[in-house]
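Text of model-v7.csv (CSV, C-alpha atoms and all ligand atoms) as supplied:
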chain,number,residue,atom,x,y,z
A,12,MET,CA,2.7,9.8,6.5
A,13,THR,CA,6.3,9.0,7.6
A,14,GLU,CA,8.9,9.4,4.9
A,15,VAL,CA,12.7,9.3,4.6
A,16,THR,CA,14.6,11.8,2.4
A,17,THR,CA,18.2,11.0,2.9
A,18,PRO,CA,20.7,12.0,0.1
A,19,ASN,CA,20.1,9.8,-3.0
A,20,PRO,CA,17.6,7.5,-1.3
A,21,SER,CA,17.7,4.8,-4.0
A,22,TRP,CA,18.9,1.2,-4.1
A,23,TYR,CA,19.3,-1.3,-7.0
A,24,ALA,CA,18.0,-4.7,-6.0
A,25,GLU,CA,18.4,-8.0,-7.6
A,26,VAL,CA,15.9,-10.9,-7.7
A,27,MET,CA,17.3,-13.7,-5.5
A,28,ALA,CA,14.3,-16.0,-5.3
A,29,THR,CA,10.7,-16.2,-6.5
A,30,GLU,CA,7.8,-18.3,-5.1
A,31,ARG,CA,4.1,-18.7,-5.9
A,32,LEU,CA,2.6,-18.1,-2.4
A,33,SER,CA,-1.1,-18.5,-3.3
A,34,PRO,CA,-3.3,-18.4,-6.4
A,35,HIS,CA,-3.0,-14.6,-6.6
A,36,LEU,CA,0.3,-13.8,-4.9
A,37,VAL,CA,3.9,-14.1,-6.0
A,38,ARG,CA,6.7,-13.6,-3.5
A,39,ILE,CA,10.0,-12.1,-4.7
A,40,VAL,CA,13.1,-11.9,-2.5
A,41,PHE,CA,15.5,-9.2,-3.4
A,42,GLY,CA,19.2,-8.9,-2.5
A,43,GLY,CA,22.4,-7.3,-3.9
A,44,PRO,CA,25.1,-5.1,-2.4
A,45,GLU,CA,23.1,-1.9,-2.4
A,46,LEU,CA,20.4,-3.2,-0.1
A,47,ALA,CA,23.0,-3.3,2.8
A,48,ARG,CA,22.5,0.4,3.1
A,49,TYR,CA,18.7,0.3,3.1
A,50,GLN,CA,17.3,1.6,6.5
A,51,PRO,CA,14.0,0.0,7.2
A,52,LEU,CA,11.3,2.2,8.8
A,53,GLY,CA,10.1,-0.7,11.0
A,54,ILE,CA,6.4,0.3,10.5
A,55,PRO,CA,4.1,-2.5,9.3
A,56,ASP,CA,2.8,-0.7,6.2
A,57,GLU,CA,6.3,0.4,5.1
A,58,ALA,CA,6.1,0.8,1.3
A,59,ILE,CA,8.6,1.6,-1.4
A,60,VAL,CA,8.5,2.6,-5.1
A,61,LEU,CA,9.8,-0.1,-7.4
A,62,TRP,CA,11.1,1.1,-10.8
A,63,PHE,CA,10.9,-1.4,-13.7
A,64,PRO,CA,13.4,-1.6,-16.6
A,65,ARG,CA,12.1,-0.5,-20.0
A,66,PRO,CA,11.9,-3.2,-22.6
A,67,GLY,CA,15.5,-4.2,-23.6
A,68,GLN,CA,17.1,-2.7,-20.5
A,69,LYS,CA,19.0,-4.7,-18.0
A,70,ARG,CA,18.2,-2.3,-15.2
A,71,PRO,CA,16.0,0.8,-14.9
A,72,ALA,CA,17.7,4.3,-15.2
A,73,PRO,CA,19.1,5.7,-12.0
A,74,VAL,CA,17.6,8.7,-10.3
A,75,THR,CA,19.5,12.0,-10.7
A,76,LEU,CA,19.6,15.2,-8.7
A,77,GLU,CA,18.0,18.3,-10.2
A,78,ASN,CA,17.1,21.5,-8.3
A,79,ASP,CA,17.6,19.6,-5.0
A,80,ILE,CA,15.2,16.8,-6.0
A,81,TRP,CA,16.2,13.2,-6.6
A,82,GLY,CA,14.1,11.7,-9.4
A,83,HIS,CA,13.8,10.5,-13.0
A,84,HIS,CA,13.9,13.9,-14.7
A,85,ASP,CA,14.3,12.9,-18.3
A,86,PRO,CA,11.0,11.6,-19.7
A,87,GLU,CA,13.0,9.8,-22.5
A,88,THR,CA,14.6,7.4,-20.1
A,89,ALA,CA,12.3,7.5,-17.0
A,90,PRO,CA,11.1,4.0,-16.0
A,91,GLU,CA,7.7,3.0,-14.8
A,92,GLY,CA,7.3,3.1,-11.0
A,93,ARG,CA,4.8,1.3,-8.8
A,94,ASN,CA,4.2,1.2,-5.0
A,95,TYR,CA,4.9,-2.1,-3.0
A,96,THR,CA,5.0,-3.1,0.6
A,97,VAL,CA,8.2,-4.3,2.3
A,98,ARG,CA,6.8,-7.6,3.5
A,99,SER,CA,10.0,-8.2,5.4
A,100,PHE,CA,13.6,-6.9,5.6
A,101,VAL,CA,16.7,-8.7,6.9
A,102,PRO,CA,19.5,-6.2,7.4
A,103,GLY,CA,23.3,-6.9,7.0
A,104,GLU,CA,26.0,-7.3,4.4
A,105,ASP,CA,23.7,-9.9,2.7
A,106,ALA,CA,20.5,-7.9,3.2
A,107,ARG,CA,17.2,-9.3,1.9
A,108,MET,CA,13.9,-7.6,1.1
A,109,THR,CA,10.7,-9.6,0.5
A,110,VAL,CA,7.9,-8.2,-1.5
A,111,ASP,CA,4.6,-10.0,-2.3
A,112,PHE,CA,3.0,-9.1,-5.6
A,113,VAL,CA,-0.7,-9.5,-6.5
A,114,VAL,CA,-1.0,-11.4,-9.8
A,115,HIS,CA,-3.4,-9.6,-12.1
A,116,PRO,CA,-3.8,-9.1,-15.8
A,117,GLY,CA,-2.3,-6.0,-17.4
A,118,GLY,CA,0.1,-3.6,-15.8
A,119,VAL,CA,3.9,-3.3,-15.8
A,120,ALA,CA,4.4,-4.6,-12.2
A,121,GLY,CA,1.8,-7.4,-12.2
A,122,GLU,CA,3.2,-8.8,-15.5
A,123,TRP,CA,6.8,-8.4,-14.4
A,124,ALA,CA,6.2,-10.3,-11.2
A,125,GLN,CA,4.7,-13.3,-12.9
A,126,LYS,CA,7.7,-13.7,-15.2
A,127,ALA,CA,10.5,-12.5,-12.8
A,128,GLU,CA,13.8,-14.4,-13.0
A,129,ILE,CA,16.7,-14.6,-10.7
A,130,GLY,CA,19.3,-11.9,-11.5
A,131,GLN,CA,16.8,-9.3,-12.8
A,132,GLU,CA,17.2,-5.9,-11.3
A,133,LEU,CA,14.8,-3.2,-10.1
A,134,LEU,CA,15.4,0.2,-8.5
A,135,ILE,CA,13.9,1.0,-5.1
A,136,THR,CA,13.1,4.6,-3.8
A,137,ARG,CA,10.9,6.4,-1.3
A,138,PRO,CA,10.3,4.3,1.8
A,139,ARG,CA,7.2,5.7,3.6
A,140,SER,CA,4.4,4.5,5.9
A,141,TRP,CA,0.9,5.5,7.2
A,142,PHE,CA,0.2,3.1,10.1
A,143,ALA,CA,0.3,5.2,13.2
A,144,PRO,CA,-2.2,4.3,16.0
A,145,PRO,CA,-2.4,7.1,18.6
A,146,ALA,CA,-1.3,6.3,22.1
A,147,GLY,CA,-4.0,4.9,24.3
A,148,VAL,CA,-6.1,3.0,21.7
A,149,LYS,CA,-7.3,-0.3,23.1
A,150,TRP,CA,-7.8,-2.1,19.8
A,151,ILE,CA,-6.8,-1.9,16.1
A,152,LEU,CA,-8.9,-3.1,13.2
A,153,ALA,CA,-6.7,-3.8,10.2
A,154,ALA,CA,-8.6,-4.3,7.0
A,155,ALA,CA,-7.3,-5.0,3.5
A,156,ASP,CA,-7.9,-6.5,0.1
A,157,LEU,CA,-5.3,-8.6,-1.6
A,158,THR,CA,-2.9,-5.7,-2.2
A,159,GLY,CA,-2.9,-4.8,1.5
A,160,LEU,CA,-2.4,-8.4,2.7
A,161,PRO,CA,1.4,-8.0,2.9
A,162,ALA,CA,1.1,-5.0,5.2
A,163,LEU,CA,-1.7,-6.5,7.2
A,164,ALA,CA,0.4,-9.6,7.7
A,165,ARG,CA,3.0,-7.3,9.3
A,166,VAL,CA,0.4,-5.6,11.5
A,167,ILE,CA,-0.4,-9.1,12.9
A,168,GLU,CA,3.2,-10.2,13.2
A,169,GLU,CA,4.4,-7.0,14.8
A,170,CYS,CA,1.7,-6.5,17.4
A,171,THR,CA,3.0,-6.7,21.0
A,172,GLU,CA,1.7,-8.4,24.1
A,173,ASP,CA,1.3,-5.1,25.9
A,174,GLY,CA,-0.1,-3.2,22.9
A,175,PRO,CA,-3.7,-2.9,21.7
A,176,ALA,CA,-5.6,-6.0,20.6
A,177,VAL,CA,-5.4,-6.5,16.8
A,178,TYR,CA,-8.4,-7.6,14.7
A,179,ALA,CA,-7.9,-8.4,11.1
A,180,MET,CA,-10.4,-8.3,8.2
A,181,VAL,CA,-9.6,-9.3,4.7
A,182,GLU,CA,-11.3,-9.5,1.3
A,183,THR,CA,-9.9,-12.1,-1.2
A,184,VAL,CA,-11.1,-13.7,-4.3
A,185,ASP,CA,-9.9,-17.1,-3.3
A,186,ALA,CA,-9.8,-18.8,0.2
A,187,ASP,CA,-6.3,-20.1,-0.6
A,188,ASP,CA,-5.0,-16.5,-0.7
A,189,LEU,CA,-5.5,-16.5,3.1
A,190,ALA,CA,-2.5,-18.8,3.3
A,191,ALA,CA,-0.4,-15.6,2.9
A,192,LEU,CA,-1.5,-14.5,6.4
A,193,PRO,CA,0.6,-15.5,9.4
A,194,GLU,CA,-0.9,-17.4,12.3
A,195,THR,CA,-2.4,-14.8,14.7
A,196,GLN,CA,0.0,-14.0,17.6
A,197,CYS,CA,-0.1,-12.3,20.9
A,198,HIS,CA,-3.1,-9.9,21.1
A,199,ALA,CA,-4.3,-10.5,17.6
A,200,ARG,CA,-7.9,-11.7,17.8
A,201,GLY,CA,-8.3,-13.7,14.6
A,202,VAL,CA,-9.3,-12.9,11.1
A,203,ASP,CA,-12.7,-12.1,9.7
A,204,ALA,CA,-12.5,-12.9,6.0
A,205,SER,CA,-14.9,-12.0,3.2
A,206,VAL,CA,-13.8,-14.6,0.7
A,207,GLY,CA,-15.1,-14.7,-2.8
A,208,THR,CA,-16.6,-11.2,-2.6
A,209,GLY,CA,-13.9,-9.8,-5.0
A,210,ASN,CA,-10.7,-8.0,-4.4
A,211,GLY,CA,-11.9,-4.6,-3.4
A,212,LEU,CA,-14.3,-4.9,-6.3
A,213,ASN,CA,-17.5,-5.8,-4.5
A,214,GLN,CA,-18.2,-2.3,-3.3
A,215,GLY,CA,-19.5,-2.4,0.2
A,216,ALA,CA,-18.5,-5.9,1.3
A,217,LEU,CA,-15.7,-4.9,3.6
A,218,THR,CA,-17.4,-1.7,4.5
A,219,ALA,CA,-20.4,-3.6,5.7
A,220,LEU,CA,-18.2,-6.1,7.7
A,221,ILE,CA,-16.5,-3.1,9.4
A,222,ALA,CA,-19.8,-1.4,10.1
A,223,ALA,CA,-21.1,-4.6,11.7
A,224,LYS,CA,-18.1,-5.1,13.9
A,225,LEU,CA,-17.7,-1.5,15.2
A,226,PRO,CA,-20.4,-1.6,17.9
A,227,GLU,CA,-18.8,-4.7,19.6
A,228,LEU,CA,-15.2,-3.3,19.3
A,229,SER,CA,-16.2,0.2,20.5
A,230,GLN,CA,-17.2,-1.3,23.8
A,231,GLN,CA,-13.5,-1.9,24.5
A,232,GLY,CA,-12.7,1.8,24.4
A,233,PRO,CA,-11.0,4.0,21.7
A,234,GLY,CA,-9.8,2.2,18.6
A,235,TYR,CA,-7.9,2.7,15.4
A,236,VAL,CA,-8.9,1.5,11.9
A,237,TRP,CA,-6.4,1.0,9.2
A,238,TYR,CA,-7.4,0.0,5.7
A,239,SER,CA,-5.4,-0.5,2.5
A,240,GLY,CA,-6.8,-1.7,-0.8
A,241,GLU,CA,-9.0,-0.5,-3.7
A,242,ALA,CA,-9.3,3.3,-3.7
A,243,ALA,CA,-13.1,3.5,-4.0
A,244,GLN,CA,-13.5,1.1,-1.1
A,245,SER,CA,-10.9,3.2,0.8
A,246,ARG,CA,-13.1,6.3,0.3
A,247,GLU,CA,-16.2,4.4,1.5
A,248,ILE,CA,-14.5,3.2,4.7
A,249,ARG,CA,-13.1,6.6,5.5
A,250,LYS,CA,-16.6,8.2,5.0
A,251,LEU,CA,-18.2,5.5,7.2
A,252,LEU,CA,-15.8,6.3,10.1
A,253,ARG,CA,-15.4,10.0,9.6
A,254,LYS,CA,-18.9,11.1,8.5
A,255,GLU,CA,-21.2,8.5,9.9
A,256,HIS,CA,-19.4,7.7,13.2
A,257,GLY,CA,-17.6,11.1,13.6
A,258,TRP,CA,-14.2,9.5,14.3
A,259,PRO,CA,-11.2,11.9,14.6
A,260,LEU,CA,-8.8,11.7,11.7
A,261,ASP,CA,-5.8,10.4,13.7
A,262,HIS,CA,-7.8,7.3,14.5
A,263,VAL,CA,-8.4,6.4,10.9
A,264,ALA,CA,-5.9,5.5,8.2
A,265,THR,CA,-7.4,4.6,4.8
A,266,VAL,CA,-4.9,4.3,2.0
A,267,GLY,CA,-6.0,3.6,-1.6
A,268,TYR,CA,-3.4,1.1,-3.0
A,269,TRP,CA,-4.9,0.6,-6.4
A,270,ARG,CA,-7.8,1.7,-8.6
A,271,ALA,CA,-10.2,-0.6,-10.4
A,272,ASP,CA,-10.3,0.5,-14.1
A,273,SER,CA,-7.5,3.0,-13.6
A,274,GLU,CA,-7.4,3.8,-17.3
A,275,LEU,CA,-11.0,5.3,-17.0
A,276,TRP,CA,-10.0,7.2,-13.9
A,277,ASP,CA,-6.9,8.6,-15.7
A,278,GLU,CA,-9.1,9.8,-18.6
A,279,THR,CA,-11.6,11.5,-16.2
A,280,TYR,CA,-8.6,13.0,-14.3
A,281,ASP,CA,-7.3,14.7,-17.5
A,282,ARG,CA,-10.8,15.7,-18.6
A,283,VAL,CA,-11.7,17.5,-15.3
A,284,GLY,CA,-8.2,19.1,-14.9
A,285,GLY,CA,-7.0,16.9,-12.0
A,286,ASP,CA,-3.6,18.7,-11.8
A,287,GLN,CA,-5.5,21.8,-10.8
A,288,LEU,CA,-7.5,19.9,-8.1
A,289,VAL,CA,-4.2,18.7,-6.6
A,290,GLN,CA,-3.5,22.3,-5.7
A,291,VAL,CA,-6.1,21.9,-2.9
A,292,TYR,CA,-3.6,19.5,-1.2
A,293,TYR,CA,-0.6,21.8,-1.5
A,294,ASP,CA,-2.6,24.8,-0.3
A,295,ALA,CA,-3.8,22.8,2.7
A,296,ILE,CA,-0.2,21.8,3.6
A,297,LYS,CA,0.9,25.5,3.2
A,298,ARG,CA,-1.8,26.4,5.7
A,299,GLY,CA,-0.2,23.9,8.2
A,300,LEU,CA,-2.6,21.0,7.8
A,301,SER,CA,-1.2,17.5,8.2
A,302,ASP,CA,-0.8,15.1,5.2
A,303,ALA,CA,-3.9,13.2,6.3
A,304,GLU,CA,-6.0,16.3,6.6
A,305,ALA,CA,-4.8,17.6,3.2
A,306,SER,CA,-5.4,14.2,1.6
A,307,GLU,CA,-8.9,14.1,2.9
A,308,LEU,CA,-9.7,17.5,1.5
A,309,LEU,CA,-8.2,16.5,-1.9
A,310,ASP,CA,-10.3,13.3,-1.9
A,311,GLU,CA,-13.5,15.3,-1.3
A,312,GLU,CA,-12.5,17.6,-4.2
A,313,TYR,CA,-11.9,14.5,-6.4
A,314,GLU,CA,-15.3,13.1,-5.5
A,315,LYS,CA,-17.1,16.4,-6.4
A,316,ALA,CA,-15.3,16.2,-9.8
A,317,GLY,CA,-16.6,12.7,-10.4
A,318,LEU,CA,-13.2,11.1,-9.7
B,1,LIG,C1,1.6,2.2,-0.4
B,1,LIG,C2,1.2,1.1,-1.3
B,1,LIG,C3,1.6,-0.2,-1.1
B,1,LIG,C4,1.3,-1.3,-2.0
B,1,LIG,N1,1.7,-2.6,-1.7
B,1,LIG,C5,1.4,-3.6,-2.5
B,1,LIG,C6,1.9,-4.9,-2.3
B,1,LIG,O1,2.6,-5.2,-1.4
B,1,LIG,N2,1.5,-5.9,-3.2
B,1,LIG,C7,0.7,-5.6,-4.3
B,1,LIG,O2,0.5,-6.5,-5.1
B,1,LIG,N3,0.3,-4.3,-4.5
B,1,LIG,C8,0.6,-3.3,-3.7
B,1,LIG,N4,0.2,-2.1,-4.0
B,1,LIG,C9,-0.7,-1.8,-5.1
B,1,LIG,C10,0.0,-1.7,-6.5
B,1,LIG,O3,0.9,-0.6,-6.4
B,1,LIG,C11,-1.0,-1.5,-7.6
B,1,LIG,O4,-1.9,-2.6,-7.7
B,1,LIG,C12,-0.4,-1.1,-8.9
B,1,LIG,O5,-1.4,-0.5,-9.7
B,1,LIG,C13,0.1,-2.4,-9.7
B,1,LIG,O6,0.7,-1.9,-10.9
B,1,LIG,P1,0.6,-2.6,-12.3
B,1,LIG,O7,1.7,-2.0,-13.1
B,1,LIG,O8,0.6,-4.1,-12.1
B,1,LIG,O9,-0.8,-2.2,-12.8
B,1,LIG,P2,-1.3,-0.8,-13.4
B,1,LIG,O10,-0.5,-0.4,-14.6
B,1,LIG,O11,-1.3,0.2,-12.3
B,1,LIG,O12,-2.8,-1.0,-13.8
B,1,LIG,C14,-3.1,-1.8,-15.0
B,1,LIG,C15,-4.5,-2.4,-14.9
B,1,LIG,O13,-4.6,-3.3,-13.8
B,1,LIG,C16,-5.5,-2.9,-12.8
B,1,LIG,N5,-5.0,-3.2,-11.5
B,1,LIG,C17,-4.0,-2.6,-10.9
B,1,LIG,N6,-3.7,-3.3,-9.7
B,1,LIG,C18,-4.6,-4.3,-9.6
B,1,LIG,C19,-4.8,-5.3,-8.7
B,1,LIG,N7,-4.1,-5.4,-7.5
B,1,LIG,N8,-5.8,-6.2,-8.9
B,1,LIG,C20,-6.5,-6.2,-10.1
B,1,LIG,N9,-6.4,-5.2,-11.0
B,1,LIG,C21,-5.4,-4.3,-10.8
B,1,LIG,C22,-5.8,-1.4,-13.1
B,1,LIG,O14,-7.1,-1.0,-12.7
B,1,LIG,C23,-5.5,-1.3,-14.6
B,1,LIG,O15,-6.7,-1.6,-15.3
B,1,LIG,C24,0.5,-1.0,-3.1
B,1,LIG,C25,0.1,0.3,-3.4
B,1,LIG,C26,0.4,1.3,-2.5
B,1,LIG,C27,0.0,2.8,-2.8
In structure tokens, write the structure found in this file.
Ligand SMILES: Cc1cc2nc3c(=O)[nH]c(=O)nc-3n(C[C@H](O)[C@H](O)[C@H](O)COP(=O)(O)OP(=O)(O)OC[C@H]3O[C@@H](n4cnc5c(N)ncnc54)[C@H](O)[C@@H]3O)c2cc1C
Amino acid sequence: MTEVTTPNPSWYAEVMATERLSPHLVRIVFGGPELARYQPLGIPDEAIVLWFPRPGQKRPAPVTLENDIWGHHDPETAPEGRNYTVRSFVPGEDARMTVDFVVHPGGVAGEWAQKAEIGQELLITRPRSWFAPPAGVKWILAAADLTGLPALARVIEECTEDGPAVYAMVETVDADDLAALPETQCHARGVDASVGTGNGLNQGALTALIAAKLPELSQQGPGYVWYSGEAAQSREIRKLLRKEHGWPLDHVATVGYWRADSELWDETYDRVGGDQLVQVYYDAIKRGLSDAEASELLDEEYEKAGL
């Protein structure tokens, strides 16, 4: 994972425009004076945390510095935060950041996006990314459900003529949501879509598509698979590549973007003592393992605990 930790890395951003992109996606363009000092990572799955105002607030509380850590340290005023992809960023005095939100029932972010109005303010923190194909790969398979569509769109747009060929694979509920994808460019080889199979919810649909495509792609030489979307599907795809095909970890990036029935997962997490399980991650980092290696060990621990 690539992450920036500059002093007070937070930016208030104001809604400048909203647009219904497709049946399940709303595009929001943010601006405001603080965005001029945002430094984009320039990596396709660049993501940020968006903090939402509490009911009755004009803007969410700012982060403060305590024990060398910038954050919301007072639970009385701490806002709700959610992760979103920077779909595009235009730098300058009049900087603009575009974020595409999946419209779904329930949830602070999903509900906010549907009703967003010009002038409303959010706080942005923690830019980071995962997409990191190793040198020498001949092809990239980028797969996503709706939540990963904004990042996948950037993978397609930002591929280069002399870089690896890019194949895209998406799962959407509605064919019209594919309108959010750019026309394929340069080495991008088109999009395999599994439409109507769910939004990460038809376990196995995207995993099966990937499994079916691997033999053909593997003939081109070493490749890289990036997936973002529902967390259970993310685990399935990682296991397919790592356990069944024995791929090295640096050729696989599977990032769980959201969880179906997250309330049930949270309940199970509390019941099985999830906070203790997370120690597996920190111990692995202390032993010198990478973030990806430590995350994989933690996910195996979660699975054993029924999470
Ligand atoms: C790095 C990263 C980048 C991301 N980028 C984007 C992005 O660009 N656009 C985007 O839309 N999302 C993106 N997500 C996913 C987004 O953060 C989650 O969907 C988040 O849970 C939404 O918060 P919420 O407050 O709306 O719902 P929550 O309060 O988290 O959940 C409320 C209920 O809604 C369900 N739920 C949550 N998300 C969805 C969904 N997408 N579809 C159906 N049900 C859902 C939960 O299971 C729960 O039952 C990203 C996540 C990560 C980790």
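The interatomic distance for the pair atom CA of A:Arg107 and atom CA of A:Trp22 works out to 12.2 Å.
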Quick one: residues within 12 Å of stretch 250-258 of chain A, all atoms listed in the file, excluding same-chain residues fewer than 2 positions away - as a VMD selection string? chain A and resid 215 217 to 223 225 to 226 229 233 to 238 243 to 248 260 to 265 304 307 310 to 311 314
9 Å shell around ligand LIG 1 (chain B) using all atoms listed in the file, listed as number ranges by chain: A: 35-37, 56-61, 91-98, 110-124, 139-141, 156-162, 210-212, 239-241, 266-276
In Å, with one decimal, what is the gap from atom CA of A:Pro71 to atom CA of A:Tyr23?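 Separation between atom CA of A:Pro71 and atom CA of A:Tyr23: 8.8 Å.
Atom pair atom CA of A:Arg48 / atom CA of A:Met27: separated by 17.3 Å.
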Using all atoms listed in the file and a cutoff of 9 Å, can you tell me which residues are near (21.9, -10.1, 3.5) in the file's coordinates, and write them out as a list of chain:residue names?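 Applying the cut-off with all atoms listed in the file, one gets A:Gly42, A:Gly43, A:Pro44, A:Leu46, A:Ala47, A:Val101, A:Pro102, A:Gly103, A:Glu104, A:Asp105, A:Ala106, A:Arg107, A:Met108.
In this comparison, which uses only C-alpha atoms, the residue of A:Pro34, A:Pro145, A:Pro20, A:Pro66 approaching A:Ala190 most closely is A:Pro34.
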Could you tell me, as an MDAnalysis selection string, which residues have any atom at most 12 Å from (-10.4, 16.0, -7.2), counting only C-alpha atoms? chainID A and resid 276:277 279:292 305:318
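Proximity to A:Glu25 was assessed for A:Lys69, A:Ile167, A:Ser99, A:Met12 counting all atoms listed in the file; the smallest distance is recorded for A:Lys69.
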Please list as a list of chain:residue names every residue within 7 Å of A:Val184, counting only C-alpha atoms and excluding residues in the same chain fewer than 3 positions away.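 Residues meeting the cut-off are A:Val206, A:Gly207, A:Thr208, A:Gly209, A:Asn210.
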Based on the selection just made, write C-alpha atoms of those residues as a PDB file, in the coordinates of the input.
ATOM      1  CA  VAL A 206     -13.800 -14.600   0.700  1.00  0.00           C
ATOM      2  CA  GLY A 207     -15.100 -14.700  -2.800  1.00  0.00           C
ATOM      3  CA  THR A 208     -16.600 -11.200  -2.600  1.00  0.00           C
ATOM      4  CA  GLY A 209     -13.900  -9.800  -5.000  1.00  0.00           C
ATOM      5  CA  ASN A 210     -10.700  -8.000  -4.400  1.00  0.00           C
TER       6      ASN A 210
END
Measuring between all atoms listed in the file, which one of A:Gly53, A:Thr29, A:Phe41, A:Asn19 shows the shortest distance to A:Asp79? A:Asn19
Across A:Thr195, A:Arg70, A:Pro55, A:Asp85, the smallest distance to A:Arg165, with all atoms listed in the file counted, is shown by A:Pro55
Name the residues in contact with stretch 171-182 of chain A at a cut-off of 6 Å, using only C-alpha atoms, excluding same-chain residues fewer than 5 positions from it; report them as number ranges by chain. A: 149-156, 197-200, 202-206, 210
